[in-house]
Each structure stands twice: as C-alpha cells, then as structure tokens.
>>> print(open('entry.pdb').read())   # PDB, C-alpha atoms, pLDDT in the B column
ATOM      1  CA  MET A   1     180.573  52.404 137.665  1.00 43.00           C
ATOM      2  CA  PRO A   2     177.011  53.524 137.935  1.00 44.00           C
ATOM      3  CA  PHE A   3     176.112  55.077 141.224  1.00 42.00           C
ATOM      4  CA  LEU A   4     172.982  53.929 142.993  1.00 42.00           C
ATOM      5  CA  ILE A   5     171.318  56.872 144.642  1.00 40.00           C
ATOM      6  CA  GLN A   6     168.892  56.012 147.398  1.00 42.00           C
ATOM      7  CA  VAL A   7     166.353  58.721 148.168  1.00 41.00           C
ATOM      8  CA  ALA A   8     164.674  58.599 151.540  1.00 42.00           C
ATOM      9  CA  VAL A   9     161.233  60.181 151.605  1.00 42.00           C
ATOM     10  CA  VAL A  10     160.289  61.513 155.014  1.00 44.00           C
ATOM     11  CA  GLN A  11     156.614  62.089 155.597  1.00 45.00           C
ATOM     12  CA  ALA A  12     155.854  64.597 158.338  1.00 50.00           C
ATOM     13  CA  THR A  13     153.294  63.577 160.924  1.00 60.00           C
ATOM     14  CA  PRO A  14     150.586  66.199 161.490  1.00 77.00           C
ATOM     15  CA  GLU A  15     150.831  67.919 164.859  1.00 93.00           C
ATOM     16  CA  THR A  16     148.083  67.053 167.315  1.00 97.00           C
ATOM     17  CA  VAL A  17     146.217  70.123 168.594  1.00 98.00           C
ATOM     18  CA  VAL A  18     143.507  70.593 171.195  1.00 98.00           C
ATOM     19  CA  LYS A  19     141.838  74.001 170.885  1.00 98.00           C
ATOM     20  CA  VAL A  20     138.911  76.233 171.733  1.00 98.00           C
ATOM     21  CA  GLU A  21     136.891  76.938 168.593  1.00 97.00           C
ATOM     22  CA  PRO A  22     136.129  79.612 167.676  1.00 97.00           C
ATOM     23  CA  TYR A  23     139.221  81.210 169.118  1.00 97.00           C
ATOM     24  CA  SER A  24     137.499  84.578 169.642  1.00 96.00           C
ATOM     25  CA  SER A  25     133.877  84.972 170.810  1.00 96.00           C
ATOM     26  CA  HIS A  26     131.802  88.132 171.276  1.00 96.00           C
ATOM     27  CA  ALA A  27     128.362  88.778 172.785  1.00 96.00           C
ATOM     28  CA  ASN A  28     126.353  91.388 174.648  1.00 96.00           C
ATOM     29  CA  VAL A  29     125.432  91.148 178.316  1.00 96.00           C
ATOM     30  CA  GLY A  30     122.464  88.793 178.630  1.00 96.00           C
ATOM     31  CA  GLU A  31     123.259  86.966 175.385  1.00 97.00           C
ATOM     32  CA  THR A  32     124.711  83.478 174.945  1.00 97.00           C
ATOM     33  CA  PHE A  33     127.542  82.097 172.816  1.00 98.00           C
ATOM     34  CA  THR A  34     128.884  78.594 172.217  1.00 98.00           C
ATOM     35  CA  ILE A  35     132.402  77.183 171.981  1.00 98.00           C
ATOM     36  CA  ASN A  36     133.733  73.746 171.074  1.00 98.00           C
ATOM     37  CA  ILE A  37     136.763  71.948 172.490  1.00 98.00           C
ATOM     38  CA  ILE A  38     138.251  70.092 169.542  1.00 98.00           C
ATOM     39  CA  VAL A  39     141.049  67.577 168.995  1.00 98.00           C
ATOM     40  CA  VAL A  40     142.805  67.862 165.620  1.00 98.00           C
ATOM     41  CA  ASP A  41     144.938  65.150 163.959  1.00 97.00           C
ATOM     42  CA  VAL A  42     145.322  62.727 166.853  1.00 97.00           C
ATOM     43  CA  GLN A  43     146.438  59.114 166.592  1.00 97.00           C
ATOM     44  CA  ASN A  44     145.680  56.142 168.883  1.00 97.00           C
ATOM     45  CA  LEU A  45     143.590  58.228 171.304  1.00 98.00           C
ATOM     46  CA  TYR A  46     141.959  56.324 174.169  1.00 97.00           C
ATOM     47  CA  GLY A  47     141.548  58.822 177.001  1.00 97.00           C
ATOM     48  CA  VAL A  48     141.069  62.575 177.463  1.00 98.00           C
ATOM     49  CA  GLU A  49     141.214  65.058 180.329  1.00 98.00           C
ATOM     50  CA  VAL A  50     140.049  68.660 179.903  1.00 98.00           C
ATOM     51  CA  ASN A  51     140.270  71.600 182.296  1.00 98.00           C
ATOM     52  CA  LEU A  52     138.726  74.866 181.082  1.00 98.00           C
ATOM     53  CA  TYR A  53     138.972  78.081 183.131  1.00 98.00           C
ATOM     54  CA  TRP A  54     137.194  81.450 182.730  1.00 98.00           C
ATOM     55  CA  ASN A  55     136.227  84.550 184.699  1.00 97.00           C
ATOM     56  CA  PHE A  56     133.055  83.491 186.527  1.00 97.00           C
ATOM     57  CA  SER A  57     132.107  87.110 187.255  1.00 96.00           C
ATOM     58  CA  ILE A  58     131.611  87.605 183.488  1.00 97.00           C
ATOM     59  CA  LEU A  59     130.502  84.207 182.144  1.00 97.00           C
ATOM     60  CA  LYS A  60     128.216  81.444 183.370  1.00 97.00           C
ATOM     61  CA  PRO A  61     127.842  78.064 181.606  1.00 98.00           C
ATOM     62  CA  VAL A  62     124.210  77.226 180.818  1.00 97.00           C
ATOM     63  CA  ASN A  63     124.683  74.022 178.799  1.00 97.00           C
ATOM     64  CA  ILE A  64     127.494  71.468 178.414  1.00 97.00           C
ATOM     65  CA  ASP A  65     127.152  68.841 175.693  1.00 97.00           C
ATOM     66  CA  VAL A  66     129.768  66.086 175.975  1.00 98.00           C
ATOM     67  CA  ARG A  67     130.445  64.705 172.486  1.00 97.00           C
ATOM     68  CA  LEU A  68     132.521  61.648 173.425  1.00 97.00           C
ATOM     69  CA  GLY A  69     131.387  58.568 171.538  1.00 95.00           C
ATOM     70  CA  GLU A  70     129.185  60.632 169.172  1.00 95.00           C
ATOM     71  CA  ILE A  71     129.471  60.841 165.383  1.00 94.00           C
ATOM     72  CA  ASP A  72     131.236  64.228 165.489  1.00 95.00           C
ATOM     73  CA  GLY A  73     133.100  63.445 168.708  1.00 96.00           C
ATOM     74  CA  VAL A  74     136.210  61.573 169.779  1.00 97.00           C
ATOM     75  CA  LEU A  75     136.620  58.125 171.409  1.00 97.00           C
ATOM     76  CA  TYR A  76     134.529  55.067 170.627  1.00 97.00           C
ATOM     77  CA  ASN A  77     131.935  53.416 172.848  1.00 96.00           C
ATOM     78  CA  PRO A  78     131.887  52.092 175.432  1.00 96.00           C
ATOM     79  CA  VAL A  79     133.151  55.325 177.043  1.00 97.00           C
ATOM     80  CA  TYR A  80     133.608  55.599 180.803  1.00 97.00           C
ATOM     81  CA  VAL A  81     133.313  59.158 182.140  1.00 97.00           C
ATOM     82  CA  VAL A  82     135.514  59.529 185.215  1.00 97.00           C
ATOM     83  CA  GLN A  83     134.580  63.172 185.894  1.00 97.00           C
ATOM     84  CA  ASN A  84     132.225  65.704 184.353  1.00 98.00           C
ATOM     85  CA  SER A  85     131.816  68.644 186.727  1.00 97.00           C
ATOM     86  CA  THR A  86     131.466  72.422 186.791  1.00 97.00           C
ATOM     87  CA  GLN A  87     132.279  74.934 189.490  1.00 94.00           C
ATOM     88  CA  ASP A  88     132.805  78.709 189.578  1.00 94.00           C
ATOM     89  CA  GLY A  89     135.072  79.466 186.628  1.00 97.00           C
ATOM     90  CA  LYS A  90     136.121  75.876 185.943  1.00 98.00           C
ATOM     91  CA  TYR A  91     134.967  72.858 183.934  1.00 98.00           C
ATOM     92  CA  VAL A  92     136.548  69.399 184.240  1.00 98.00           C
ATOM     93  CA  LEU A  93     136.015  66.401 181.980  1.00 98.00           C
ATOM     94  CA  ALA A  94     137.938  63.132 182.202  1.00 98.00           C
ATOM     95  CA  ALA A  95     136.974  60.000 180.244  1.00 98.00           C
ATOM     96  CA  THR A  96     138.373  56.901 178.566  1.00 97.00           C
ATOM     97  CA  SER A  97     137.241  54.263 176.113  1.00 96.00           C
ATOM     98  CA  MET A  98     136.838  50.719 177.428  1.00 94.00           C
ATOM     99  CA  ALA A  99     137.622  47.388 175.764  1.00 92.00           C
ATOM    100  CA  PRO A 100     136.713  46.252 173.173  1.00 94.00           C
ATOM    101  CA  ALA A 101     136.535  49.821 171.772  1.00 96.00           C
ATOM    102  CA  PRO A 102     139.235  50.664 169.207  1.00 96.00           C
ATOM    103  CA  SER A 103     141.424  53.750 169.539  1.00 97.00           C
ATOM    104  CA  PHE A 104     140.371  57.011 167.878  1.00 97.00           C
ATOM    105  CA  ASN A 105     142.261  58.574 164.977  1.00 97.00           C
ATOM    106  CA  GLY A 106     141.629  61.922 163.315  1.00 97.00           C
ATOM    107  CA  THR A 107     139.712  65.054 164.344  1.00 98.00           C
ATOM    108  CA  GLY A 108     136.666  65.351 166.593  1.00 97.00           C
ATOM    109  CA  ASN A 109     134.773  67.301 169.219  1.00 98.00           C
ATOM    110  CA  ILE A 110     135.260  66.674 172.941  1.00 98.00           C
ATOM    111  CA  ALA A 111     132.582  69.021 174.298  1.00 98.00           C
ATOM    112  CA  ARG A 112     130.312  71.895 173.285  1.00 98.00           C
ATOM    113  CA  ILE A 113     129.778  74.568 175.953  1.00 98.00           C
ATOM    114  CA  THR A 114     127.259  77.423 175.919  1.00 98.00           C
ATOM    115  CA  PHE A 115     127.846  80.462 178.146  1.00 98.00           C
ATOM    116  CA  VAL A 116     125.618  83.381 179.080  1.00 98.00           C
ATOM    117  CA  VAL A 117     127.258  86.787 179.552  1.00 97.00           C
ATOM    118  CA  THR A 118     126.405  88.107 183.020  1.00 96.00           C
ATOM    119  CA  SER A 119     128.432  91.336 183.119  1.00 95.00           C
ATOM    120  CA  PRO A 120     130.719  93.487 180.910  1.00 96.00           C
ATOM    121  CA  GLY A 121     134.360  92.526 180.493  1.00 95.00           C
ATOM    122  CA  ASN A 122     136.694  90.146 178.708  1.00 96.00           C
ATOM    123  CA  CYS A 123     138.587  87.023 179.711  1.00 97.00           C
ATOM    124  CA  LYS A 124     140.693  84.189 178.401  1.00 97.00           C
ATOM    125  CA  LEU A 125     139.146  80.764 177.988  1.00 98.00           C
ATOM    126  CA  ASP A 126     142.141  79.008 179.482  1.00 98.00           C
ATOM    127  CA  LEU A 127     142.419  75.400 178.276  1.00 98.00           C
ATOM    128  CA  GLU A 128     144.550  72.650 179.838  1.00 98.00           C
ATOM    129  CA  THR A 129     144.381  69.128 178.407  1.00 97.00           C
ATOM    130  CA  GLU A 130     145.916  65.673 178.593  1.00 97.00           C
ATOM    131  CA  LEU A 131     145.574  62.943 175.960  1.00 98.00           C
ATOM    132  CA  TRP A 132     146.274  59.243 176.522  1.00 97.00           C
ATOM    133  CA  ASP A 133     146.893  56.451 174.029  1.00 97.00           C
ATOM    134  CA  ARG A 134     145.547  52.913 173.917  1.00 94.00           C
ATOM    135  CA  PRO A 135     147.908  50.796 176.027  1.00 89.00           C
ATOM    136  CA  PRO A 136     149.347  47.498 174.838  1.00 88.00           C
ATOM    137  CA  PRO A 137     148.225  44.402 176.799  1.00 84.00           C
ATOM    138  CA  ASN A 138     149.407  44.394 180.413  1.00 81.00           C
ATOM    139  CA  GLN A 139     150.924  47.882 180.085  1.00 84.00           C
ATOM    140  CA  GLY A 140     149.924  51.369 181.138  1.00 86.00           C
ATOM    141  CA  SER A 141     148.650  54.125 178.871  1.00 90.00           C
ATOM    142  CA  MET A 142     151.139  56.760 177.697  1.00 95.00           C
ATOM    143  CA  PRO A 143     150.489  60.501 177.213  1.00 96.00           C
ATOM    144  CA  ILE A 144     150.126  61.839 173.673  1.00 97.00           C
ATOM    145  CA  GLU A 145     152.139  64.975 172.946  1.00 96.00           C
ATOM    146  CA  HIS A 146     150.045  67.847 171.630  1.00 97.00           C
ATOM    147  CA  THR A 147     149.641  71.615 171.493  1.00 97.00           C
ATOM    148  CA  THR A 148     146.861  73.408 173.366  1.00 97.00           C
ATOM    149  CA  ILE A 149     145.283  76.641 172.067  1.00 97.00           C
ATOM    150  CA  ASP A 150     143.216  78.819 174.405  1.00 98.00           C
ATOM    151  CA  GLY A 151     140.188  80.908 173.457  1.00 98.00           C
ATOM    152  CA  PHE A 152     139.179  84.500 174.221  1.00 98.00           C
ATOM    153  CA  PHE A 153     135.900  86.249 175.018  1.00 97.00           C
ATOM    154  CA  ASP A 154     135.042  89.963 174.833  1.00 95.00           C
ATOM    155  CA  VAL A 155     131.751  91.792 175.405  1.00 93.00           C
ATOM    156  CA  ILE A 156     130.508  93.733 172.365  1.00 84.00           C
ATOM    157  CA  PRO A 157     130.897  97.438 173.245  1.00 72.00           C
ATOM    158  CA  GLU A 158     127.573  99.254 173.324  1.00 60.00           C
ATOM    159  CA  PHE A 159     127.196 102.835 172.083  1.00 50.00           C
ATOM    160  CA  PRO A 160     126.062 104.836 175.136  1.00 49.00           C
ATOM    161  CA  ASN A 161     122.408 105.865 174.782  1.00 49.00           C
ATOM    162  CA  ILE A 162     123.116 109.170 176.521  1.00 49.00           C
ATOM    163  CA  LEU A 163     125.204 110.241 173.508  1.00 50.00           C
ATOM    164  CA  ILE A 164     122.648 109.356 170.838  1.00 52.00           C
ATOM    165  CA  LEU A 165     120.254 112.299 171.415  1.00 55.00           C
ATOM    166  CA  PRO A 166     122.926 115.048 171.546  1.00 59.00           C
ATOM    167  CA  LEU A 167     124.632 113.592 168.474  1.00 57.00           C
ATOM    168  CA  PHE A 168     121.344 113.485 166.585  1.00 58.00           C
ATOM    169  CA  ILE A 169     120.564 117.108 167.521  1.00 67.00           C
ATOM    170  CA  ILE A 170     124.024 118.293 166.470  1.00 70.00           C
ATOM    171  CA  LEU A 171     123.771 116.547 163.103  1.00 65.00           C
ATOM    172  CA  THR A 172     120.269 117.941 162.565  1.00 67.00           C
ATOM    173  CA  ILE A 173     121.330 121.525 163.360  1.00 69.00           C
ATOM    174  CA  PHE A 174     124.309 121.119 161.043  1.00 63.00           C
ATOM    175  CA  ALA A 175     121.975 119.996 158.253  1.00 64.00           C
ATOM    176  CA  VAL A 176     119.642 122.956 158.877  1.00 59.00           C
ATOM    177  CA  VAL A 177     122.466 125.495 158.807  1.00 62.00           C
ATOM    178  CA  PHE A 178     124.000 123.911 155.718  1.00 61.00           C
ATOM    179  CA  CYS A 179     120.708 123.943 153.817  1.00 58.00           C
ATOM    180  CA  LYS A 180     120.031 127.592 154.750  1.00 61.00           C
ATOM    181  CA  LYS A 181     123.486 128.614 153.545  1.00 62.00           C
ATOM    182  CA  ILE A 182     122.962 126.805 150.268  1.00 60.00           C
ATOM    183  CA  SER A 183     119.540 128.391 149.771  1.00 58.00           C
ATOM    184  CA  ARG A 184     120.848 131.907 150.501  1.00 63.00           C
ATOM    185  CA  LYS A 185     123.847 131.453 148.258  1.00 59.00           C
ATOM    186  CA  ARG A 186     121.682 130.368 145.366  1.00 58.00           C
ATOM    187  CA  GLY A 187     118.922 132.894 146.091  1.00 55.00           C
ATOM    188  CA  LEU A 188     116.447 130.081 146.663  1.00 49.00           C
ATOM    189  CA  ARG A 189     113.987 129.337 149.383  1.00 51.00           C
ATOM    190  CA  LEU A 190     113.511 126.000 151.050  1.00 47.00           C
ATOM    191  CA  PHE A 191     110.280 124.240 150.414  1.00 48.00           C
ATOM    192  CA  PRO A 192     107.664 125.350 152.998  1.00 52.00           C
ATOM    193  CA  ALA A 193     107.288 121.841 154.425  1.00 52.00           C
ATOM    194  CA  PHE A 194     111.032 121.537 155.038  1.00 49.00           C
ATOM    195  CA  GLN A 195     111.175 125.055 156.471  1.00 52.00           C
ATOM    196  CA  THR A 196     108.474 124.207 159.000  1.00 54.00           C
ATOM    197  CA  LYS A 197     110.265 120.990 160.002  1.00 52.00           C
ATOM    198  CA  PHE A 198     113.635 122.724 160.395  1.00 50.00           C
ATOM    199  CA  ILE A 199     112.079 125.515 162.518  1.00 52.00           C
ATOM    200  CA  SER A 200     110.420 122.895 164.727  1.00 57.00           C
ATOM    201  CA  ILE A 201     113.748 121.064 165.189  1.00 52.00           C
ATOM    202  CA  GLU A 202     115.508 124.334 166.030  1.00 53.00           C
ATOM    203  CA  LYS A 203     112.894 125.162 168.663  1.00 56.00           C
ATOM    204  CA  THR A 204     113.215 121.670 170.142  1.00 53.00           C
ATOM    205  CA  PHE A 205     116.988 122.002 170.337  1.00 48.00           C
ATOM    206  CA  THR A 206     116.700 125.460 171.958  1.00 50.00           C
ATOM    207  CA  ARG A 207     114.304 124.073 174.557  1.00 53.00           C
ATOM    208  CA  TYR A 208     116.593 121.032 175.183  1.00 46.00           C
ATOM    209  CA  ALA A 209     119.743 123.184 175.480  1.00 47.00           C
ATOM    210  CA  GLY A 210     117.989 125.598 177.821  1.00 50.00           C
TER     211      GLY A 210
END
>>> encode(input="entry.pdb", output="structure tokens")
Amino acid sequence: MPFLIQVAVVQATPETVVKVEPYSSHANVGETFTINIIVVDVQNLYGVEVNLYWNFSILKPVNIDVRLGEIDGVLYNPVYVVQNSTQDGKYVLAATSMAPAPSFNGTGNIARITFVVTSPGNCKLDLETELWDRPPPNQGSMPIEHTTIDGFFDVIPEFPNILILPLFIILTIFAVVFCKKISRKRGLRLFPAFQTKFISIEKTFTRYAG
C-alpha cells in the first residue's frame, strides 16, 4: 500500500524588537548626537509606552521628535498621546491609536531624540517599553511580547593638549639627531637651510627645557 506522507511546514514568526538605534553613540563635550527608538517586526500594534533613562549629569535632551502617525513612524491617525514628558534623566511617551484607525504592522520609528553632551563620561541609554494590540470589540487590549535593546553613549576621548608640545619637541629632536648621524656616516653635510632650521629648533627646545 502506498504511504501518504503529510509534511507540515512551520513558518517562524519574526520576533518583535524595540531598540535604541544606533546602539552605540559617541560625541565630544558640547556636541550633539541623535538616537531613534524603533519597533521592528510588530503585528497588530495599537498602543505604545516608552520609558528612556540616562545619566542627566552627562546628557541633556535638546529636541524630541515624536514620529507616531508619520510616514516613517508607527501607529495610524488619529493618535491620542496620553503622556509626552521629560525630566532629569528620563523621557516618557505613552500613546494609542483611536477608532477608526487600523492596527500597525511592520517596522517604524516611535521617537527621535537629540542630546547635547554636557560633561565627560559614559552611560547606558536604558529603554523600557510596553506594546499593546488592537482589542476586539467590547474587550480590553492585550500586551504584545517583545524584546527590548538598550543603547550606550560614550564621550570621544580627547588627546590632552599638554602632551602635544612635548611630544612634538621629542619627535623633532629625534629627527635632528637621526639626520646628523646619517650625514656624518655618509660624510655629507645637511643643506644649509635645514641646518639653520634644526639649530633653531634645538635652541627652542633648550630654552623650553630650561
């Protein structure tokens, strides 16, 4: 008897992720940088809540652009914003679509935040989020399971200015000594213009060291 073999094809559902992008940001003191809070591969999304934490002694937000209901954002209009507030080291955003808006599916931007660096240091951009689906008639909304990925900020290390001059002098003296050794070894003399410049540098170094 022929055997009938039934093959079941299981299609994996992409995992929903909410993340800080880019994951790692770097800037000097006084400079600004921008991050995005993004939802990836979500289904039936109808409400969002975002809590972002940072070290307020290092970073200060200067602009927050909520992208809900926008072309590159998540949720469809009409969108009702329950909370959109900032305090020292914390940003909170809570919003939901309203009927007759459909639910959102796919990937989009929740908010774009620009920080200015106020002092040296590094800190985690600690992200906590909740996602809610579109409820059936006469029922409550249910949470959407997802993974949250934090971000990280670090100040670009600056080369101390106090070391630049001594390093330059040391390298210059090394070049002078090396050239003199080469010229003596080969029985040659340096060009007069270079000799004058090297002597001037040596005198400057002697005066600086003294």
>>> residues_near_point(input="entry.pdb", point="(138.8, 75.5, 182.1)", cutoff="6 Å", atoms="all atoms listed in the file", output="list in words")
Asn51, Leu52, Tyr53, Lys90, Tyr91, Asp126 and Leu127 of chain A
>>> write_last_selection(input="entry.pdb", atoms="C-alpha atoms", output="PDB file, keeping the file's coordinate frame")
ATOM      1  CA  ASN A  51     140.270  71.600 182.296  1.00 98.00           C
ATOM      2  CA  LEU A  52     138.726  74.866 181.082  1.00 98.00           C
ATOM      3  CA  TYR A  53     138.972  78.081 183.131  1.00 98.00           C
ATOM      4  CA  LYS A  90     136.121  75.876 185.943  1.00 98.00           C
ATOM      5  CA  TYR A  91     134.967  72.858 183.934  1.00 98.00           C
ATOM      6  CA  ASP A 126     142.141  79.008 179.482  1.00 98.00           C
ATOM      7  CA  LEU A 127     142.419  75.400 178.276  1.00 98.00           C
TER       8      LEU A 127
END
>>> resolve_selection(input="entry.pdb", expression="the PyMOL selection byres ((chain A and resi 111) around 8)", output="mmCIF file with C-alpha atoms, in the frame of the given file")
data_model
loop_
_atom_site.group_PDB
_atom_site.id
_atom_site.type_symbol
_atom_site.label_atom_id
_atom_site.label_comp_id
_atom_site.auth_asym_id
_atom_site.auth_seq_id
_atom_site.Cartn_x
_atom_site.Cartn_y
_atom_site.Cartn_z
ATOM 1 C CA ASN A 36 133.733 73.746 171.074
ATOM 2 C CA ILE A 37 136.763 71.948 172.490
ATOM 3 C CA ILE A 38 138.251 70.092 169.542
ATOM 4 C CA ILE A 64 127.494 71.468 178.414
ATOM 5 C CA ASP A 65 127.152 68.841 175.693
ATOM 6 C CA VAL A 66 129.768 66.086 175.975
ATOM 7 C CA ARG A 67 130.445 64.705 172.486
ATOM 8 C CA LEU A 68 132.521 61.648 173.425
ATOM 9 C CA GLY A 73 133.100 63.445 168.708
ATOM 10 C CA ASN A 109 134.773 67.301 169.219
ATOM 11 C CA ILE A 110 135.260 66.674 172.941
ATOM 12 C CA ARG A 112 130.312 71.895 173.285
ATOM 13 C CA ILE A 113 129.778 74.568 175.953
#
>>> closest_residue(input="entry.pdb", among="A:Ser141, A:Ser119, A:Thr86, A:Thr96", to="Leu59 in chain A", atoms="all atoms listed in the file")
A:Ser119
>>> atom_distance(input="entry.pdb", atom1="CA of Glu21 in chain A", atom2="CA of Pro102 in chain A")
26.4 Å
>>> atom_distance(input="entry.pdb", atom1="CA of Glu145 in chain A", atom2="CA of Glu70 in chain A")
23.7 Å
>>> atom_distance(input="entry.pdb", atom1="CA of Pro157 in chain A", atom2="CA of Ile58 in chain A")
14.2 Å
>>> closest_residue(input="entry.pdb", among="A:Gly108, A:Pro137, A:Pro143, A:Gly89", to="Leu125 in chain A", atoms="only C-alpha atoms")
A:Gly89
>>> closest_residue(input="entry.pdb", among="A:Gln139, A:Gln83, A:Thr114, A:Thr148", to="Ala27 in chain A", atoms="only C-alpha atoms")
A:Thr114
>>> residues_around(input="entry.pdb", residues="Gln43 in chain A", least_positions_apart="4", cutoff="9 Å", atoms="all atoms listed in the file", output="JSON, numbers by chain")
{"A": [16, 103, 104, 105, 106, 133, 144]}
>>> resolve_selection(input="entry.pdb", expression="the PyMOL selection byres ((chain A and resi 152-154) around 10)", output="list in words")
Val20, Glu21, Pro22, Tyr23, Ser24, Ser25, His26, Ala27, Asn28, Phe33, Trp54, Asn55, Ile58, Leu59, Val117, Pro120, Gly121, Asn122, Cys123, Lys124, Leu125, Asp126, Asp150, Gly151, Val155, Ile156 and Pro157 of chain A
>>> closest_residue(input="entry.pdb", among="A:Thr129, A:Thr107, A:Gln87, A:Thr147", to="Val40 in chain A", atoms="only C-alpha atoms")
A:Thr107
>>> resolve_selection(input="entry.pdb", expression="the PyMOL selection byres ((chain A and resi 94) around 7)", output="list of chain:residue names")
A:Val48, A:Glu49, A:Val50, A:Val81, A:Val82, A:Gln83, A:Asn84, A:Val92, A:Leu93, A:Ala95
>>> closest_residue(input="entry.pdb", among="A:Thr118, A:Ser85, A:Lys19, A:Val79", to="Ser57 in chain A", atoms="all atoms listed in the file")
A:Thr118
